[in-house]
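File shown here: upload.cif, holding mmCIF, C-alpha atoms.
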data_start
loop_
_atom_site.label_atom_id
_atom_site.label_comp_id
_atom_site.auth_asym_id
_atom_site.auth_seq_id
_atom_site.Cartn_x
_atom_site.Cartn_y
_atom_site.Cartn_z
CA MET A 26 93.30 113.10 64.22
CA ALA A 27 94.85 113.32 60.77
CA LEU A 28 96.46 110.28 59.22
CA THR A 29 99.90 111.42 58.08
CA LYS A 30 103.13 109.87 56.86
CA PRO A 31 105.03 107.59 57.28
CA SER A 32 102.62 105.01 55.85
CA ILE A 33 102.60 101.25 55.42
CA GLU A 34 101.00 99.67 52.40
CA ILE A 35 98.29 97.27 53.53
CA ALA A 36 99.14 94.21 51.48
CA GLY A 37 101.08 91.01 52.06
CA ALA A 38 102.09 91.07 48.41
CA SER A 39 100.75 92.55 45.25
CA THR A 40 98.89 89.36 44.43
CA ALA A 41 97.97 88.26 47.94
CA PRO A 42 94.29 87.43 48.41
CA ASN A 43 92.07 89.88 50.32
CA SER A 44 94.75 92.58 50.12
CA THR A 45 94.26 96.24 49.32
CA THR A 46 97.33 97.16 47.37
CA SER A 47 96.06 100.58 46.35
CA SER A 48 95.45 101.95 49.86
CA THR A 49 97.91 103.16 52.39
CA THR A 50 97.42 103.79 56.10
CA ASP A 51 99.38 105.81 58.65
CA ILE A 52 100.06 102.94 61.00
CA TRP A 53 101.69 105.20 63.59
CA GLY A 54 98.62 107.44 63.59
CA ILE A 55 96.55 104.36 64.42
CA PHE A 56 99.07 103.38 67.08
CA ARG A 57 98.79 106.82 68.73
CA ALA A 58 95.01 106.60 68.66
CA LEU A 59 95.08 103.21 70.42
CA ARG A 60 97.65 104.53 72.88
CA ASP A 61 95.38 107.45 73.82
CA ALA A 62 92.30 105.19 74.08
CA ARG A 63 94.05 102.29 75.82
CA SER A 64 92.06 102.69 79.04
CA LEU A 65 88.88 101.77 77.15
CA PHE A 66 90.44 98.41 76.26
CA ASP A 67 92.06 97.81 79.68
CA LEU A 68 95.55 98.00 78.17
CA ARG A 69 98.57 98.93 80.28
CA PRO A 70 101.57 100.97 79.08
CA SER A 71 103.57 97.73 78.80
CA HIS A 72 101.06 96.43 76.23
CA ILE A 73 101.51 99.60 74.20
CA HIS A 74 105.31 99.26 74.30
CA THR A 75 105.04 95.71 72.98
CA LEU A 76 102.76 96.80 70.15
CA GLN A 77 105.12 99.63 69.28
CA ALA A 78 108.00 97.16 69.01
CA MET A 79 106.00 94.86 66.73
CA LEU A 80 104.99 97.76 64.48
CA SER A 81 108.61 98.77 64.13
CA PHE A 82 109.32 95.47 62.31
CA LEU A 83 106.91 96.32 59.49
CA LYS A 84 108.40 97.72 56.32
CA PRO A 85 106.58 99.85 53.74
CA GLY A 86 105.30 97.73 50.89
CA HIS A 87 105.92 94.42 52.68
CA GLY A 88 102.46 93.88 54.15
CA GLU A 89 101.08 93.95 57.67
CA THR A 90 102.50 90.71 59.09
CA VAL A 91 105.27 90.64 61.70
CA PHE A 92 107.78 87.87 60.95
CA ALA A 93 110.24 88.67 63.75
CA SER A 94 110.85 85.98 66.37
CA ASN A 95 109.71 86.34 69.96
CA TYR A 96 113.33 86.81 70.98
CA SER A 97 113.80 89.73 68.57
CA ILE A 98 110.57 91.38 69.72
CA CYS A 99 111.54 90.96 73.39
CA GLN A 100 114.88 92.60 72.74
CA ARG A 101 113.31 95.52 70.93
CA VAL A 102 110.79 96.07 73.72
CA GLY A 103 113.66 96.36 76.18
CA GLY A 104 114.45 92.86 77.30
CA ILE A 105 111.11 91.64 78.62
CA ASP A 106 110.76 87.90 79.17
CA GLU A 107 109.00 85.75 76.59
CA ARG A 108 106.12 84.83 78.88
CA THR A 109 105.23 88.50 79.23
CA LEU A 110 105.39 88.90 75.47
CA ARG A 111 103.03 85.97 74.96
CA ARG A 112 100.57 87.43 77.46
CA HIS A 113 100.64 90.74 75.62
CA ILE A 114 100.10 89.09 72.25
CA ASN A 115 97.24 87.00 73.65
CA ARG A 116 95.61 90.18 74.94
CA PHE A 117 95.77 91.84 71.53
CA VAL A 118 94.36 88.68 69.95
CA GLU A 119 91.46 88.72 72.45
CA LEU A 120 90.73 92.35 71.58
CA GLY A 121 90.76 91.57 67.87
CA PHE A 122 93.79 93.71 67.01
CA ILE A 123 96.07 90.83 66.00
CA THR A 124 95.50 87.45 64.33
CA ARG A 125 97.92 84.55 64.38
CA ASN A 126 98.77 82.74 61.17
CA ASP A 127 100.85 79.84 62.47
CA SER A 128 102.92 77.54 60.32
CA SER A 129 103.33 73.83 61.06
CA ASN A 130 106.61 74.43 62.91
CA ARG A 131 105.51 77.75 64.48
CA LYS A 132 108.11 79.64 62.48
CA ARG A 133 107.27 83.00 60.93
CA TYR A 134 107.95 83.42 57.25
CA ARG A 135 106.44 84.02 53.83
CA VAL A 136 106.26 81.64 50.87
CA ARG A 137 105.32 82.35 47.26
CA SER A 138 104.19 80.07 44.48
CA SER A 139 105.45 80.20 40.89
CA ASN A 140 102.41 82.18 39.80
CA GLY A 141 102.90 84.82 42.51
CA GLU A 142 100.48 83.59 45.17
CA CYS A 143 101.70 84.32 48.68
CA ILE A 144 101.13 82.86 52.15
CA SER A 145 102.38 84.71 55.23
CA TYR A 146 102.92 82.97 58.55
CA GLY A 147 103.28 85.28 61.55
CA LEU A 148 101.45 87.94 63.56
CA SER A 149 99.04 89.80 61.30
CA LEU A 150 98.24 93.39 62.24
CA ALA A 151 95.61 93.70 59.52
CA PRO A 152 92.71 93.79 62.07
CA LEU A 153 94.35 96.76 63.80
CA LEU A 154 94.62 98.66 60.52
CA GLN A 155 91.03 97.84 59.60
CA ARG A 156 89.80 99.43 62.85
CA ALA A 157 91.57 102.72 62.17
CA SER A 158 88.37 104.79 61.99
CA GLU A 159 87.05 103.35 65.26
CA LEU A 160 90.28 104.02 67.15
CA VAL A 161 90.69 107.54 65.82
CA ALA A 162 87.09 108.37 66.76
CA LEU A 163 87.61 107.03 70.29
CA ALA A 164 90.83 109.01 70.71
CA GLN A 165 89.08 112.18 69.56
CA GLU A 166 86.21 111.60 71.98
CA ILE A 167 88.63 111.14 74.86
CA GLU A 168 90.44 114.34 73.92
CA HIS A 169 87.16 116.26 73.73
CA ASN A 170 86.14 114.94 77.16
CA ARG A 171 89.50 115.96 78.58
CA ARG A 172 89.13 119.50 77.26
CA ASP A 173 85.54 119.74 78.55
CA GLN A 174 86.66 118.53 81.98
CA ILE A 175 89.30 121.26 82.14
CA PHE A 176 86.73 123.85 81.02
CA LEU A 177 84.20 122.78 83.69
CA ARG A 178 86.90 122.60 86.36
CA LYS A 179 87.93 126.20 85.67
CA GLN A 180 84.29 127.31 85.92
CA ILE A 181 83.89 125.53 89.26
CA LEU A 182 87.08 127.06 90.68
CA THR A 183 85.93 130.53 89.62
CA LYS A 184 82.54 130.10 91.29
CA LEU A 185 84.12 128.69 94.45
CA ALA A 186 86.35 131.76 94.67
CA GLN A 187 83.25 133.95 94.41
CA LEU A 188 81.53 131.93 97.12
CA GLU A 189 84.56 132.35 99.38
CA GLU A 190 84.24 136.12 99.05
CA LEU A 191 80.66 135.87 100.31
CA ASN A 192 81.29 133.34 103.07
CA HIS A 193 84.67 131.62 103.36
CA ARG A 194 83.27 129.31 106.07
CA ASN A 195 80.67 127.79 103.78
CA PRO A 196 81.06 123.99 104.19
CA PHE A 197 80.11 123.48 100.55
CA ILE A 198 83.38 125.13 99.48
CA ARG A 199 85.44 122.74 101.58
CA ASP A 200 83.62 119.68 100.26
CA ALA A 201 83.83 120.87 96.65
CA ARG A 202 87.57 121.49 96.84
CA LYS A 203 88.02 118.08 98.42
CA ALA A 204 86.13 116.50 95.52
CA LEU A 205 88.32 118.36 93.02
CA ARG A 206 91.38 116.57 94.39
CA ARG A 207 90.13 113.40 92.71
CA LYS A 208 90.02 112.69 89.00
CA LEU A 209 86.35 113.31 88.23
CA SER A 210 84.34 112.16 85.24
CA LEU A 211 82.63 114.62 82.92
CA SER A 212 79.24 113.91 84.50
CA GLU A 213 80.70 114.44 88.00
CA TYR A 214 82.13 117.81 86.97
CA ARG A 215 78.75 118.83 85.57
CA ALA A 216 77.00 117.76 88.78
CA LEU A 217 79.50 119.69 90.89
CA LEU A 218 79.04 122.79 88.73
CA ALA A 219 75.26 122.47 89.11
CA GLY A 220 75.71 122.19 92.87
CA THR A 221 77.85 125.32 92.88
CA ASP A 222 75.17 127.19 90.96
CA ALA A 223 72.63 125.89 93.47
CA GLU A 224 74.64 127.43 96.31
CA PHE A 225 74.33 130.87 94.71
CA GLU A 226 70.60 130.42 94.22
CA LEU A 227 70.06 129.21 97.77
CA ILE A 228 72.05 132.12 99.19
CA SER A 229 69.74 134.46 97.32
CA MET A 230 66.75 132.66 98.83
CA GLU A 231 67.94 133.13 102.42
CA PRO A 232 65.80 135.54 104.49
CA ASP A 233 68.77 137.80 105.29
CA ALA A 234 70.17 137.97 101.75
CA PRO A 235 70.31 141.52 100.35
CA GLU A 236 68.44 140.71 97.13
CA THR A 237 65.48 139.28 99.04
CA MET A 238 65.04 142.05 101.60
CA THR A 239 61.73 142.94 99.98
CA LEU A 240 60.29 139.71 101.41
CA PRO A 241 60.52 140.07 105.21
CA ALA A 242 59.83 136.92 107.22
CA ASN A 243 57.90 138.66 110.00
CA ASP A 244 54.11 139.11 109.42
CA GLY A 245 54.09 142.26 111.56
CA GLN A 246 56.54 144.05 109.31
CA THR A 247 56.00 145.86 106.02
CA VAL A 248 58.37 146.60 103.19
CA ARG A 249 59.14 149.95 104.84
CA HIS A 250 60.50 148.08 107.89
CA GLN A 251 63.00 145.74 106.33
CA SER A 252 65.79 146.04 108.89
CA LYS A 253 65.83 143.63 111.82
CA SER A 254 68.14 143.20 114.75
CA GLU A 255 70.21 140.06 115.06
CA GLU A 256 68.28 139.12 118.18
CA GLU A 257 64.92 139.29 116.37
CA ARG A 258 66.28 137.16 113.52
CA LYS A 259 67.49 134.47 115.95
CA ASP A 260 64.15 134.49 117.75
CA LEU A 261 62.38 133.98 114.43
CA GLU A 262 64.56 131.01 113.51
CA LYS A 263 63.78 129.40 116.89
CA THR A 264 60.03 129.82 116.43
CA PRO A 265 58.33 126.45 115.79
CA ALA A 266 57.33 126.13 112.15
CA ASP A 267 54.31 123.88 112.63
CA PRO A 268 51.72 126.67 113.16
CA LEU A 269 52.69 128.18 109.81
CA LEU A 270 52.61 124.93 107.88
CA GLU A 271 48.86 124.70 107.52
CA PRO A 272 47.65 123.17 104.26
CA GLN A 273 45.41 126.16 103.44
CA LEU A 274 48.27 128.65 103.83
CA LEU A 275 50.66 126.55 101.78
CA THR A 276 48.25 126.04 98.88
CA SER A 277 47.14 129.68 98.85
CA VAL A 278 50.69 131.04 98.85
CA CYS A 279 52.12 128.43 96.47
CA ASP A 280 49.37 128.78 93.91
CA GLN A 281 51.63 127.60 91.08
CA ALA A 282 51.71 124.08 92.52
CA ALA A 283 47.99 124.19 93.29
CA SER A 284 47.21 125.18 89.70
CA PHE A 285 48.44 121.79 88.47
CA THR A 286 45.53 119.94 90.02
CA THR A 287 41.75 120.22 89.75
CA ASN A 288 41.25 118.54 93.11
CA LYS A 289 41.19 120.51 96.32
CA LEU A 290 44.23 119.98 98.54
CA ARG A 291 42.51 119.70 101.88
CA ASN A 292 45.13 118.06 104.10
CA TRP A 293 48.77 117.01 104.21
CA ILE A 294 48.00 113.65 102.63
CA ASP A 295 46.61 115.41 99.56
CA ILE A 296 49.61 117.78 99.50
CA ALA A 297 52.13 114.94 99.80
CA ASN A 298 50.46 112.98 97.00
CA HIS A 299 50.44 116.07 94.79
CA ALA A 300 54.11 116.78 95.59
CA ARG A 301 54.99 113.24 94.52
CA THR A 302 53.22 113.91 91.23
CA LEU A 303 54.96 117.27 90.68
CA ALA A 304 58.48 116.10 91.60
CA PRO A 305 59.21 114.08 88.40
CA MET A 306 57.74 116.88 86.27
CA MET A 307 60.28 119.27 87.84
CA GLY A 308 63.26 116.97 87.33
CA ILE A 309 63.24 115.63 90.89
CA HIS A 310 63.70 111.87 90.92
CA PRO A 311 60.94 110.02 92.84
CA GLY A 312 63.61 108.21 94.82
CA ALA A 313 65.13 111.53 95.86
CA PHE A 314 61.76 112.74 97.11
CA GLU A 315 61.28 109.59 99.22
CA LYS A 316 64.79 109.90 100.66
CA ALA A 317 64.06 113.51 101.56
CA ALA A 318 60.75 112.52 103.13
CA ASN A 319 62.55 109.98 105.31
CA ALA A 320 65.30 112.45 106.21
CA ILE A 321 63.36 115.63 107.02
CA GLY A 322 59.74 114.48 107.00
CA VAL A 323 57.13 114.27 104.28
CA ARG A 324 55.64 117.68 105.16
CA LYS A 325 58.95 119.48 104.79
CA ALA A 326 59.79 117.61 101.57
CA SER A 327 56.37 118.48 100.12
CA CYS A 328 56.83 122.12 101.08
CA ALA A 329 60.18 122.12 99.30
CA VAL A 330 58.49 121.02 96.06
CA PHE A 331 55.73 123.63 96.37
CA ILE A 332 58.12 126.46 97.28
CA LEU A 333 60.66 125.72 94.53
CA LEU A 334 57.90 125.64 91.94
CA GLN A 335 56.60 128.97 93.24
CA PHE A 336 60.04 130.56 92.82
CA GLY A 337 59.84 129.49 89.16
CA GLU A 338 62.51 130.92 86.87
CA ARG A 339 64.66 132.00 89.80
CA VAL A 340 65.56 128.33 90.23
CA ARG A 341 67.68 126.94 87.39
CA ASP A 342 67.77 123.27 88.38
CA PHE A 343 64.92 122.06 90.59
CA GLY A 344 66.51 118.63 91.11
CA ALA A 345 69.83 120.01 92.32
CA TYR A 346 68.26 122.61 94.60
CA PHE A 347 65.80 120.11 96.07
CA HIS A 348 68.65 117.75 96.91
CA SER A 349 70.69 120.56 98.46
CA ILE A 350 67.96 121.83 100.80
CA THR A 351 66.62 118.42 101.81
CA LEU A 352 69.59 116.03 101.70
CA GLY A 353 72.64 118.23 101.15
CA GLN A 354 74.57 121.00 102.85
CA ARG A 355 71.54 123.31 103.17
CA GLN A 356 69.30 120.78 104.90
CA SER A 357 69.69 122.32 108.36
CA GLN A 358 69.12 125.85 106.97
CA PHE A 359 65.95 125.05 105.05
CA ASN A 360 63.02 126.70 106.86
CA PRO A 361 59.77 126.27 104.91
CA ALA A 362 57.80 128.39 107.36
CA ALA A 363 60.02 131.44 106.86
CA LEU A 364 59.96 131.06 103.09
CA ILE A 365 56.17 130.73 103.03
CA LYS A 366 55.94 133.87 105.14
CA ARG A 367 58.12 135.78 102.71
CA LEU A 368 56.10 134.57 99.75
CA ALA A 369 52.86 135.55 101.47
CA VAL A 370 54.10 139.06 102.26
CA ALA A 371 55.45 139.46 98.72
CA SER A 372 52.09 138.44 97.32
CA ILE A 373 50.27 141.01 99.50
CA HIS A 374 52.54 143.88 98.49
CA SER A 375 52.44 142.96 94.80
CA THR A 376 48.63 143.32 94.66
#
What would the structure in this file look like if it were written as structure tokens?
Amino acid sequence: MALTKPSIEIAGASTAPNSTTSSTTDIWGIFRALRDARSLFDLRPSHIHTLQAMLSFLKPGHGETVFASNYSICQRVGGIDERTLRRHINRFVELGFITRNDSSNRKRYRVRSSNGECISYGLSLAPLLQRASELVALAQEIEHNRRDQIFLRKQILTKLAQLEELNHRNPFIRDARKALRRKLSLSEYRALLAGTDAEFELISMEPDAPETMTLPANDGQTVRHQSKSEEERKDLEKTPADPLLEPQLLTSVCDQAASFTTNKLRNWIDIANHARTLAPMMGIHPGAFEKAANAIGVRKASCAVFILLQFGERVRDFGAYFHSITLGQRQSQFNPAALIKRLAVASIHST
């Protein structure tokens, strides 16, 4: 934010102590920076109006002290009562933007000696001017965040529109649009965008998705028999998964996870312990893994870790996808047995 005219010379007088007579500052540029960053200091619009009124009493070349009476300031603000004015001034003093230089009778004025020394009694705005760089930097950061939030929001809306074309009944779309009604932080926008990306990835991992038709979920089928009736697909989804979730099958199919240990994974206890070791390495928080284990069972949560690692580069954000299929919208659709079947068939046909 450029500092432009009009400017106020920062000096009580040419011979005042601790004054910088040679420098000038755009006091209204500083005011606008504080106005834009007021939320960081818990300032309300009424505080900003009071500060604006006080700044209007400063004159170029006459220093940074406000000599106007409380009555004059109240009138310039718009007729606020004096108690409100005092509260506002106290708040600026607490924040270090104003210092009081009180005279013995609480009047505001300036006195000079015969040799030119000057003493100013009033409300000094010198601290505000000295923090110009800080306030401008904060205002710029807020503006950058605002622009980034708009950019991320547009990306999310575009992806949601694409998801609606694929399946307008997807509950994720409804929840995402509901979240967008609120004023989100930059980190919340990024998380929502990651979740939207995860939806696309998870759709591509579904057994009936077109791009994954080369991985049929039925052991009795080959790549040449990719088509299945709706009845067969429903029967497959109703088939209990436990017979397919044997430790030997999981470790042989998901060899990427198994390659990260020199110990043999003989049972589900070994697999669960290894999954807990792999999760942080993949960006999955240990607490998220334990929550998933409590929600869907430790076997299913461990399978999720092994399967996601096996998919490798097809998964952009392991943490987001793990949360979605174990704790999020895709929890009920996550079928480790079917995915392991597809991976096993894909491995056979690739050799």
Could you pull the residues within 8 Å of region 176-187 of chain A, counting only C-alpha atoms, minus those fewer than 2 positions along the same chain, as a CSV table (one decimal) with C-alpha atoms, keeping the file's coordinate frame?
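Written out: selection_13.csv:
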chain,number,residue,atom,x,y,z
A,172,ARG,CA,89.1,119.5,77.3
A,173,ASP,CA,85.5,119.7,78.6
A,174,GLN,CA,86.7,118.5,82.0
A,189,GLU,CA,84.6,132.4,99.4
A,190,GLU,CA,84.2,136.1,99.0
A,191,LEU,CA,80.7,135.9,100.3
A,198,ILE,CA,83.4,125.1,99.5
A,214,TYR,CA,82.1,117.8,87.0
A,215,ARG,CA,78.8,118.8,85.6
A,217,LEU,CA,79.5,119.7,90.9
A,218,LEU,CA,79.0,122.8,88.7
A,221,THR,CA,77.8,125.3,92.9
A,222,ASP,CA,75.2,127.2,91.0
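Put simply, CA of Gly103 (chain A) is 23.8 Å away from CA of Pro85 (chain A).
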Suppose you want the space between CA of Ala300 (chain A) and CA of Ala223 (chain A); what is it in Å?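 Pair CA of Ala300 (chain A) / CA of Ala223 (chain A) returns 20.7 Å.
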For CA of Thr90 (chain A) and CA of Gly147 (chain A), quote the distance in Å rounded to one decimal.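 About the pair CA of Thr90 (chain A) and CA of Gly147 (chain A): they are 6.0 Å apart.
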A:Glu166, A:Gly312, A:Tyr146, A:Trp53 ranked by distance to Ser129 (chain A), top pick (using all atoms listed in the file): A:Tyr146
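Between Asn170 (chain A) and the candidates A:Ala62, A:Met307, A:Ile52, A:Cys143, the tightest atom-to-atom separation, counting all atoms listed in the file, involves A:Ala62.
Minimum atom-to-atom distance to His348 (chain A), evaluated using all atoms listed in the file, belongs to A:Ala313 out of A:Ala362, A:Val323, A:Ile296, A:Ala313.
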With distances taken over only C-alpha atoms, which of A:Cys328, A:Ala371, A:Leu120, A:Ala78 is nearest to Gly104 (chain A)?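 Result for the nearest residue to Gly104 (chain A): A:Ala78.
With distances taken from (67.1, 120.7, 90.5) and restricted to only C-alpha atoms, the residues inside 9 Å are Ala219, Ala223, Met307, Gly308, Ile309, Val340, Arg341, Asp342, Phe343, Gly344, Ala345, Tyr346, Phe347, His348 and Ser349 of chain A.
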Print the selection's residues with C-alpha atoms to a file, as a PDB file, keeping the file's coordinate frame.
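Output (selection24.pdb):
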ATOM      1  CA  ALA A 219      75.260 122.470  89.110  1.00  0.00           C
ATOM      2  CA  ALA A 223      72.630 125.890  93.470  1.00  0.00           C
ATOM      3  CA  MET A 307      60.280 119.270  87.840  1.00  0.00           C
ATOM      4  CA  GLY A 308      63.260 116.970  87.330  1.00  0.00           C
ATOM      5  CA  ILE A 309      63.240 115.630  90.890  1.00  0.00           C
ATOM      6  CA  VAL A 340      65.560 128.330  90.230  1.00  0.00           C
ATOM      7  CA  ARG A 341      67.680 126.940  87.390  1.00  0.00           C
ATOM      8  CA  ASP A 342      67.770 123.270  88.380  1.00  0.00           C
ATOM      9  CA  PHE A 343      64.920 122.060  90.590  1.00  0.00           C
ATOM     10  CA  GLY A 344      66.510 118.630  91.110  1.00  0.00           C
ATOM     11  CA  ALA A 345      69.830 120.010  92.320  1.00  0.00           C
ATOM     12  CA  TYR A 346      68.260 122.610  94.600  1.00  0.00           C
ATOM     13  CA  PHE A 347      65.800 120.110  96.070  1.00  0.00           C
ATOM     14  CA  HIS A 348      68.650 117.750  96.910  1.00  0.00           C
ATOM     15  CA  SER A 349      70.690 120.560  98.460  1.00  0.00           C
TER      16      SER A 349
END
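For Gly337 (chain A), the set of protein, DNA and RNA residues having any atom at most 12 Å away, when counting only C-alpha atoms and skipping those fewer than 2 positions along the same chain, is Glu226, Cys279, Asp280, Gln281, Ala282, Met307, Val330, Phe331, Ile332, Leu333, Leu334, Gln335, Arg339, Val340, Arg341, Asp342 and Phe343 of chain A.
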Which residues of region 100-203 of chain A come within 12 Å of region 354-361 of chain A, and for each one, what is the closest pair of atoms and their distance in Å to one decimal, counting only C-alpha atoms, sorted by chain and residue number, as JSON lines?
{"residue": "A:Asn195", "atom": "CA", "partner": "A:Gln354", "partner_atom": "CA", "distance": 9.2}
{"residue": "A:Pro196", "atom": "CA", "partner": "A:Gln354", "partner_atom": "CA", "distance": 7.3}
{"residue": "A:Phe197", "atom": "CA", "partner": "A:Gln354", "partner_atom": "CA", "distance": 6.5}
{"residue": "A:Ile198", "atom": "CA", "partner": "A:Gln354", "partner_atom": "CA", "distance": 10.3}
{"residue": "A:Arg199", "atom": "CA", "partner": "A:Gln354", "partner_atom": "CA", "distance": 11.1}
{"residue": "A:Asp200", "atom": "CA", "partner": "A:Gln354", "partner_atom": "CA", "distance": 9.5}
{"residue": "A:Ala201", "atom": "CA", "partner": "A:Gln354", "partner_atom": "CA", "distance": 11.1}
Contacts of Arg63 (chain A) within 10 Å, only C-alpha atoms, excl. fewer than 5 positions in-chain, as number ranges by chain: A: 57-58, 68-70, 72-73, 160, 163-164
Report, as lines of an AutoDock Vina configuration file, the axis-aligned box around all atoms of region 212-224 of chain A present in the file, extended by 4 Å on each side; give centre and edge lengths in Å to one decimal place.
center_x = 77.4
center_y = 120.7
center_z = 90.4
size_x = 17.5
size_y = 21.5
size_z = 19.8
Within 10 Å of (98.1, 81.6, 60.9), all atoms listed in the file: residues as a ChimeraX atom specification? /A:124-129,131,133,144-149
The PyMOL selection byres ((chain A and resi 291) around 12) applied to the shown file, residues as number ranges by chain: A: 271-277, 283, 288-290, 292-299
Here's the selection I'm unsure about, the PyMOL selection byres ((chain A and resi 158) around 12); applied to the file above, which residues does it give, as a list in words? Met26, Ala27, Leu28, Thr50, Asp51, Ile52, Gly54, Ile55, Phe56, Ala58, Leu59, Pro152, Leu153, Leu154, Gln155, Arg156, Ala157, Glu159, Leu160, Val161, Ala162, Leu163, Ala164 and Gln165 of chain A
Please write as a VMD selection string the full residue list that the PyMOL selection byres ((chain A and resi 82-84) around 12) yields on this file. chain A and resid 31 to 37 52 to 53 75 to 81 85 to 95 97 to 98 101 to 102 147 to 151
Keeping only C-alpha atoms, write those residues as a CSV table (one decimal), keeping the file's coordinate frame.
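Output file selection.csv is given in full below:
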chain,number,residue,atom,x,y,z
A,31,PRO,CA,105.0,107.6,57.3
A,32,SER,CA,102.6,105.0,55.8
A,33,ILE,CA,102.6,101.2,55.4
A,34,GLU,CA,101.0,99.7,52.4
A,35,ILE,CA,98.3,97.3,53.5
A,36,ALA,CA,99.1,94.2,51.5
A,37,GLY,CA,101.1,91.0,52.1
A,52,ILE,CA,100.1,102.9,61.0
A,53,TRP,CA,101.7,105.2,63.6
A,75,THR,CA,105.0,95.7,73.0
A,76,LEU,CA,102.8,96.8,70.2
A,77,GLN,CA,105.1,99.6,69.3
A,78,ALA,CA,108.0,97.2,69.0
A,79,MET,CA,106.0,94.9,66.7
A,80,LEU,CA,105.0,97.8,64.5
A,81,SER,CA,108.6,98.8,64.1
A,85,PRO,CA,106.6,99.8,53.7
A,86,GLY,CA,105.3,97.7,50.9
A,87,HIS,CA,105.9,94.4,52.7
A,88,GLY,CA,102.5,93.9,54.2
A,89,GLU,CA,101.1,94.0,57.7
A,90,THR,CA,102.5,90.7,59.1
A,91,VAL,CA,105.3,90.6,61.7
A,92,PHE,CA,107.8,87.9,61.0
A,93,ALA,CA,110.2,88.7,63.8
A,94,SER,CA,110.8,86.0,66.4
A,95,ASN,CA,109.7,86.3,70.0
A,97,SER,CA,113.8,89.7,68.6
A,98,ILE,CA,110.6,91.4,69.7
A,101,ARG,CA,113.3,95.5,70.9
A,102,VAL,CA,110.8,96.1,73.7
A,147,GLY,CA,103.3,85.3,61.6
A,148,LEU,CA,101.4,87.9,63.6
A,149,SER,CA,99.0,89.8,61.3
A,150,LEU,CA,98.2,93.4,62.2
A,151,ALA,CA,95.6,93.7,59.5
